[in-house]
Amino acid sequence: MPHITSLESLHLNGAWLTIGVFDGVHRGHQEIIRQLTAGAHQHGAPAVLLSFSPHPAVFFGAKDLKCLTTPEERAEIIESLGVDIVITQTFDQTVADQAAEEYMAHMKRHLGLKKLLIGHDFALGKGRAGNYEKLSQIGKELGFEVSHVEAVRFEGGVVSSSLIRQRLAEGDAAGVAAKLGRFYALSGPVNPGDGRGRTIGIPTANVEAPADKALPANGVYACYAWVDGQKHQAVTNIGVRPTFANAEPIQRVEAHLLDASADYYGKTMRLEFVERLRGEQKFASVEALVAQIHADIEQARALLRSE
């Protein structure tokens with residue numbers, strides 16, 4: 001499946017399209033994609049998804065917003081759902097200033113747009129003027145149909161990226177997984193740390209997460225760690241390690257792989273967060289910390305065994 005960043009070299013005929021950030025590719029997004037791919041492929045048409053980077057909210061000044069998925073992660077997940085082409089368009093001032101009519105005319109020229117599927121709260125164009133009614137009117141003029149996909153409700157509420165970010169900030173890894181339909185994950189290179197894990201007999205991999213990636217709340221988590229194509233059980237700590245004296249506390253993501261002791265420096269590790277075991281704690285001594293970590297490991301083993 002092509003993952004491209006510009007429409008300029010793309011010329012299709014009769015494409016079915018959906019547009020949105022699709023951050024997290026949660027259950028609500030998955031329903032839009034399901035309808036897109038099923039309809040497009042039934043009619044022998046390409047299924048196209050257009051996303052944006054950076055997140056439009058970040059472009060408009062939301063400095064604290066962290067994304068649930070990087071563009072590459074989104075494209076990989078969307079590919080697994082059967083979409084033929086993913087476009088990650090740079091959201092800049094030019095895009096922000098485009099009227100809905102101009103933007104959709106551009107889609108028509110490059111995609112030969114036949115059908116547009118949008119979510120329940122979708123709008124595009126300058127001032128978000130391109131809502132369902134406006135886009136339907138534009139579609140009649142340009143020759144494409146617009147369909148509106150209802151919101152997906154799960155466990156009593158509408159699934160949304162903002163709700164998932166909130167649950168993640170609370171450390172509710174299991175609740176986040178339920179709304180995503182998969183475990184929340186992050187990937188990054190394994191960089192050298194300060195070696196404290198080895199000094200206490202519990203070596204860890206220091207995973208550098210992308211700067212704009214949302215992290216679960218500080219605490220200890222049962223995880224799966226993927227490296228070199230192999231899946232391992234792991235206990236991951238996110239936090240500033242308050243038991244140790246730090247001149248400048250820095251939030252770290254440190255994974256201890258159960259039953260694995262290889263040197264992973266320089267390799268990419270993917271962590272899937274299954275469940276939070278406890279919050280971050282400051283212990284009276286290193287010995288008390290080590291005892292708790294061993295208890296965390298046994299709890300994680302039992303939990304992951306049941307998974």
# chains A, B, ... in the order shown; residues from 1 in each chain; ligands from 1
call {"tool": "residues_around", "arguments": {"residues": "region 83-88 of chain A", "least_positions_apart": "5", "cutoff": "7 Å", "atoms": "only C-alpha atoms", "output": "PyMOL selection string"}}
result
chain A and resi 1-6+37+46-53+71+75+78
call {"tool": "write_last_selection", "arguments": {"atoms": "N, CA and C atoms", "output": "JSON list (two decimals), in the first residue's frame"}}
result
[["chain", "number", "residue", "atom", "x", "y", "z"],
["A", 1, "MET", "N", 0.84, -1.19, 0.00],
["A", 1, "MET", "CA", 0.00, 0.00, 0.00],
["A", 1, "MET", "C", 0.87, 1.23, 0.00],
["A", 2, "PRO", "N", 0.70, 2.15, -0.96],
["A", 2, "PRO", "CA", 1.51, 3.37, -0.95],
["A", 2, "PRO", "C", 1.13, 4.29, 0.22],
["A", 3, "HIS", "N", 2.15, 4.85, 0.85],
["A", 3, "HIS", "CA", 1.93, 5.91, 1.85],
["A", 3, "HIS", "C", 2.66, 7.13, 1.31],
["A", 4, "ILE", "N", 1.91, 8.14, 0.90],
["A", 4, "ILE", "CA", 2.49, 9.28, 0.22],
["A", 4, "ILE", "C", 2.17, 10.56, 0.99],
["A", 5, "THR", "N", 2.91, 11.63, 0.68],
["A", 5, "THR", "CA", 2.74, 12.89, 1.39],
["A", 5, "THR", "C", 2.25, 14.02, 0.49],
["A", 6, "SER", "N", 1.94, 13.70, -0.77],
["A", 6, "SER", "CA", 1.46, 14.73, -1.68],
["A", 6, "SER", "C", 0.54, 14.11, -2.73],
["A", 37, "THR", "N", -13.64, 0.82, 2.70],
["A", 37, "THR", "CA", -13.01, -0.25, 1.93],
["A", 37, "THR", "C", -14.04, -1.22, 1.35],
["A", 46, "PRO", "N", -10.52, 2.39, -5.97],
["A", 46, "PRO", "CA", -9.50, 2.49, -4.93],
["A", 46, "PRO", "C", -10.04, 3.17, -3.67],
["A", 47, "ALA", "N", -9.67, 2.64, -2.51],
["A", 47, "ALA", "CA", -10.05, 3.23, -1.22],
["A", 47, "ALA", "C", -8.88, 4.09, -0.75],
["A", 48, "VAL", "N", -9.14, 5.38, -0.57],
["A", 48, "VAL", "CA", -8.09, 6.34, -0.24],
["A", 48, "VAL", "C", -8.41, 7.01, 1.10],
["A", 49, "LEU", "N", -7.42, 7.14, 1.95],
["A", 49, "LEU", "CA", -7.58, 7.85, 3.22],
["A", 49, "LEU", "C", -6.57, 8.99, 3.27],
["A", 50, "LEU", "N", -7.06, 10.19, 3.56],
["A", 50, "LEU", "CA", -6.18, 11.35, 3.68],
["A", 50, "LEU", "C", -6.14, 11.82, 5.12],
["A", 51, "SER", "N", -4.94, 11.85, 5.67],
["A", 51, "SER", "CA", -4.72, 12.30, 7.04],
["A", 51, "SER", "C", -3.82, 13.54, 7.01],
["A", 52, "PHE", "N", -3.55, 14.09, 8.20],
["A", 52, "PHE", "CA", -2.77, 15.33, 8.29],
["A", 52, "PHE", "C", -1.65, 15.19, 9.32],
["A", 53, "SER", "N", -0.57, 15.89, 9.06],
["A", 53, "SER", "CA", 0.51, 16.04, 10.02],
["A", 53, "SER", "C", 1.16, 17.41, 9.79],
["A", 71, "PRO", "N", 2.56, 9.52, 12.14],
["A", 71, "PRO", "CA", 2.07, 9.27, 10.78],
["A", 71, "PRO", "C", 2.42, 7.87, 10.27],
["A", 75, "ALA", "N", -0.31, 4.95, 9.26],
["A", 75, "ALA", "CA", -0.32, 4.32, 7.94],
["A", 75, "ALA", "C", -0.25, 2.80, 8.04],
["A", 78, "ILE", "N", -3.66, 1.51, 9.27],
["A", 78, "ILE", "CA", -4.67, 1.69, 8.22],
["A", 78, "ILE", "C", -4.45, 0.69, 7.09]]
call {"tool": "closest_residue", "arguments": {"among": "A:Val158, A:Ala151, A:Leu17, A:Ala255", "to": "Ala234 (chain A)", "atoms": "only C-alpha atoms"}}
result
A:Ala255
call {"tool": "closest_residue", "arguments": {"among": "A:Arg241, A:Arg74, A:Arg276, A:Arg305", "to": "Leu289 (chain A)", "atoms": "only C-alpha atoms"}}
result
A:Arg241
call {"tool": "closest_residue", "arguments": {"among": "A:Ala217, A:Leu124, A:Ala38, A:Cys67", "to": "Ser162 (chain A)", "atoms": "only C-alpha atoms"}}
result
A:Cys67
call {"tool": "residues_around", "arguments": {"residues": "Glu31 (chain A)", "least_positions_apart": "2", "cutoff": "12 Å", "atoms": "only C-alpha atoms", "output": "short mmCIF file (atom, residue, chain, number, x, y, z; two decimals) with N, CA and C atoms, in the first residue's frame"}}
result
data_model
loop_
_atom_site.label_atom_id
_atom_site.label_comp_id
_atom_site.auth_asym_id
_atom_site.auth_seq_id
_atom_site.Cartn_x
_atom_site.Cartn_y
_atom_site.Cartn_z
N THR A 18 -11.91 9.09 2.37
CA THR A 18 -12.28 9.64 3.67
C THR A 18 -11.15 10.54 4.11
N PHE A 22 -7.54 10.98 12.08
CA PHE A 22 -7.55 9.54 12.41
C PHE A 22 -6.49 9.21 13.46
N VAL A 25 -6.52 5.76 15.29
CA VAL A 25 -7.27 4.77 14.49
C VAL A 25 -8.10 3.89 15.44
N HIS A 26 -8.95 4.54 16.22
CA HIS A 26 -9.75 3.85 17.22
C HIS A 26 -10.98 3.19 16.59
N ARG A 27 -11.84 2.62 17.42
CA ARG A 27 -12.99 1.87 16.92
C ARG A 27 -13.91 2.72 16.04
N GLY A 28 -14.07 4.00 16.37
CA GLY A 28 -14.88 4.87 15.53
C GLY A 28 -14.26 5.07 14.16
N HIS A 29 -12.96 5.33 14.12
CA HIS A 29 -12.25 5.44 12.85
C HIS A 29 -12.34 4.14 12.05
N ILE A 33 -13.45 3.38 8.13
CA ILE A 33 -12.56 2.68 7.20
C ILE A 33 -13.21 1.40 6.69
N ARG A 34 -13.94 0.70 7.57
CA ARG A 34 -14.62 -0.53 7.14
C ARG A 34 -15.62 -0.22 6.03
N GLN A 35 -16.42 0.82 6.22
CA GLN A 35 -17.40 1.19 5.20
C GLN A 35 -16.72 1.68 3.93
N LEU A 36 -15.63 2.41 4.09
CA LEU A 36 -14.88 2.90 2.92
C LEU A 36 -14.35 1.75 2.08
N THR A 37 -13.64 0.82 2.70
CA THR A 37 -13.01 -0.25 1.93
C THR A 37 -14.04 -1.22 1.35
N ALA A 38 -15.08 -1.52 2.15
CA ALA A 38 -16.10 -2.44 1.65
C ALA A 38 -16.81 -1.87 0.43
N ILE A 78 -3.66 1.51 9.27
CA ILE A 78 -4.67 1.69 8.22
C ILE A 78 -4.45 0.69 7.09
N LEU A 81 -6.06 -2.53 7.64
CA LEU A 81 -7.52 -2.51 7.53
C LEU A 81 -8.00 -2.49 6.08
N LEU A 117 -16.64 9.72 2.33
CA LEU A 117 -17.22 9.30 3.60
C LEU A 117 -16.62 10.15 4.71
N ILE A 118 -17.48 10.67 5.59
CA ILE A 118 -17.00 11.52 6.68
C ILE A 118 -17.61 11.07 8.00
N GLY A 119 -16.92 11.41 9.09
CA GLY A 119 -17.40 11.08 10.42
C GLY A 119 -18.49 12.02 10.89
N HIS A 120 -19.05 11.72 12.06
CA HIS A 120 -20.23 12.43 12.54
C HIS A 120 -19.96 13.90 12.85
N HIS A 148 -22.43 10.07 5.41
CA HIS A 148 -22.15 10.45 6.79
C HIS A 148 -22.17 9.19 7.65
N VAL A 149 -21.07 8.89 8.35
CA VAL A 149 -20.97 7.69 9.18
C VAL A 149 -21.27 8.07 10.64
N GLU A 150 -22.24 7.40 11.24
CA GLU A 150 -22.64 7.72 12.60
C GLU A 150 -21.52 7.41 13.60
N ALA A 151 -21.55 8.10 14.73
CA ALA A 151 -20.56 7.88 15.78
C ALA A 151 -20.68 6.46 16.33
N VAL A 152 -19.54 5.89 16.68
CA VAL A 152 -19.51 4.56 17.29
C VAL A 152 -19.56 4.72 18.80
N ARG A 153 -20.50 4.05 19.41
CA ARG A 153 -20.62 4.06 20.88
C ARG A 153 -20.05 2.75 21.42
N VAL A 159 -16.77 6.91 21.17
CA VAL A 159 -15.32 6.75 21.15
C VAL A 159 -14.70 7.96 20.46
N LEU A 180 -9.41 1.29 21.57
CA LEU A 180 -8.62 1.20 20.34
C LEU A 180 -8.89 -0.10 19.59
N GLY A 181 -9.26 -1.14 20.32
CA GLY A 181 -9.37 -2.46 19.70
C GLY A 181 -8.02 -3.15 19.57
#
call {"tool": "select_by_dssp", "arguments": {"residues": "region 37-276 of chain A", "states": "helix (DSSP H, G or I)", "output": "number ranges by chain"}}
result
A: 37-42, 56-59, 71-80, 93-97, 100-111, 126-128, 132-142, 161-169, 173-180, 196-199
call {"tool": "residues_around", "arguments": {"residues": "Leu65 (chain A)", "least_positions_apart": "4", "cutoff": "12 Å", "atoms": "only C-alpha atoms", "output": "list of chain:residue names"}}
result
A:Asp23, A:Pro54, A:His55, A:Pro56, A:Ala57, A:Val58, A:Phe59, A:Phe60, A:Gly61, A:Ser161, A:Ser162, A:Arg165, A:Gln166, A:Ala169, A:Ala211, A:Asp212, A:Lys213, A:Ala214, A:Leu215
call {"tool": "write_last_selection", "arguments": {"atoms": "C-alpha atoms", "output": "compact mmCIF listing (two decimals), in the first residue's frame"}}
result
# COMPACT_ATOMS: atom_id res chain seq x y z
CA ASP A 23 -5.26 9.87 15.44
CA PRO A 54 0.99 17.95 12.20
CA HIS A 55 -2.36 17.63 13.96
CA PRO A 56 -4.44 20.69 12.95
CA ALA A 57 -5.01 21.52 16.63
CA VAL A 58 -1.24 21.71 17.12
CA PHE A 59 -0.93 23.98 14.07
CA PHE A 60 -3.54 26.29 15.58
CA GLY A 61 -1.68 26.52 18.88
CA SER A 161 -9.29 10.45 20.40
CA SER A 162 -9.65 13.10 23.11
CA ARG A 165 -5.89 10.69 25.56
CA GLN A 166 -7.66 11.39 28.84
CA ALA A 169 -3.17 10.31 31.03
CA ALA A 211 8.70 13.81 21.30
CA ASP A 212 5.12 14.35 20.11
CA LYS A 213 3.86 10.94 21.24
CA ALA A 214 1.39 10.66 24.14
CA LEU A 215 2.75 8.59 27.01
call {"tool": "select_by_dssp", "arguments": {"residues": "region 169-227 of chain A", "states": "strand (DSSP E or B)", "output": "ChimeraX atom specification"}}
result
/A:184-191,205-207,213,219-227
call {"tool": "decode", "arguments": {"residues": "region 111-142 of chain A", "atoms": "C-alpha atoms", "output": "PDB file, in the first residue's frame"}}
result
ATOM      1  CA  LEU A 111      -8.566  11.369  -7.292  1.00  0.00           C
ATOM      2  CA  GLY A 112     -11.417  11.441  -9.780  1.00  0.00           C
ATOM      3  CA  LEU A 113     -13.446  11.492  -6.578  1.00  0.00           C
ATOM      4  CA  LYS A 114     -16.637   9.425  -6.731  1.00  0.00           C
ATOM      5  CA  LYS A 115     -17.599   9.123  -3.051  1.00  0.00           C
ATOM      6  CA  LEU A 116     -16.591  10.873   0.184  1.00  0.00           C
ATOM      7  CA  LEU A 117     -17.220   9.297   3.605  1.00  0.00           C
ATOM      8  CA  ILE A 118     -16.998  11.516   6.675  1.00  0.00           C
ATOM      9  CA  GLY A 119     -17.398  11.081  10.418  1.00  0.00           C
ATOM     10  CA  HIS A 120     -20.234  12.431  12.535  1.00  0.00           C
ATOM     11  CA  ASP A 121     -18.428  15.628  13.614  1.00  0.00           C
ATOM     12  CA  PHE A 122     -16.336  16.259  10.493  1.00  0.00           C
ATOM     13  CA  ALA A 123     -15.793  19.628   8.855  1.00  0.00           C
ATOM     14  CA  LEU A 124     -13.035  21.003   6.634  1.00  0.00           C
ATOM     15  CA  GLY A 125     -11.942  24.194   4.937  1.00  0.00           C
ATOM     16  CA  LYS A 126     -11.397  27.690   6.231  1.00  0.00           C
ATOM     17  CA  GLY A 127     -13.508  28.302   9.325  1.00  0.00           C
ATOM     18  CA  ARG A 128     -14.593  24.626   9.227  1.00  0.00           C
ATOM     19  CA  ALA A 129     -17.301  25.710   6.808  1.00  0.00           C
ATOM     20  CA  GLY A 130     -17.249  22.382   4.959  1.00  0.00           C
ATOM     21  CA  ASN A 131     -19.684  20.403   7.098  1.00  0.00           C
ATOM     22  CA  TYR A 132     -21.891  17.570   5.834  1.00  0.00           C
ATOM     23  CA  GLU A 133     -24.509  19.881   4.288  1.00  0.00           C
ATOM     24  CA  LYS A 134     -21.903  22.069   2.599  1.00  0.00           C
ATOM     25  CA  LEU A 135     -19.888  19.125   1.309  1.00  0.00           C
ATOM     26  CA  SER A 136     -23.057  17.497  -0.060  1.00  0.00           C
ATOM     27  CA  GLN A 137     -23.768  20.689  -1.994  1.00  0.00           C
ATOM     28  CA  ILE A 138     -20.198  20.796  -3.321  1.00  0.00           C
ATOM     29  CA  GLY A 139     -20.497  17.121  -4.251  1.00  0.00           C
ATOM     30  CA  LYS A 140     -23.578  17.790  -6.391  1.00  0.00           C
ATOM     31  CA  GLU A 141     -21.694  20.511  -8.242  1.00  0.00           C
ATOM     32  CA  LEU A 142     -18.490  18.500  -8.750  1.00  0.00           C
TER      33      LEU A 142
END
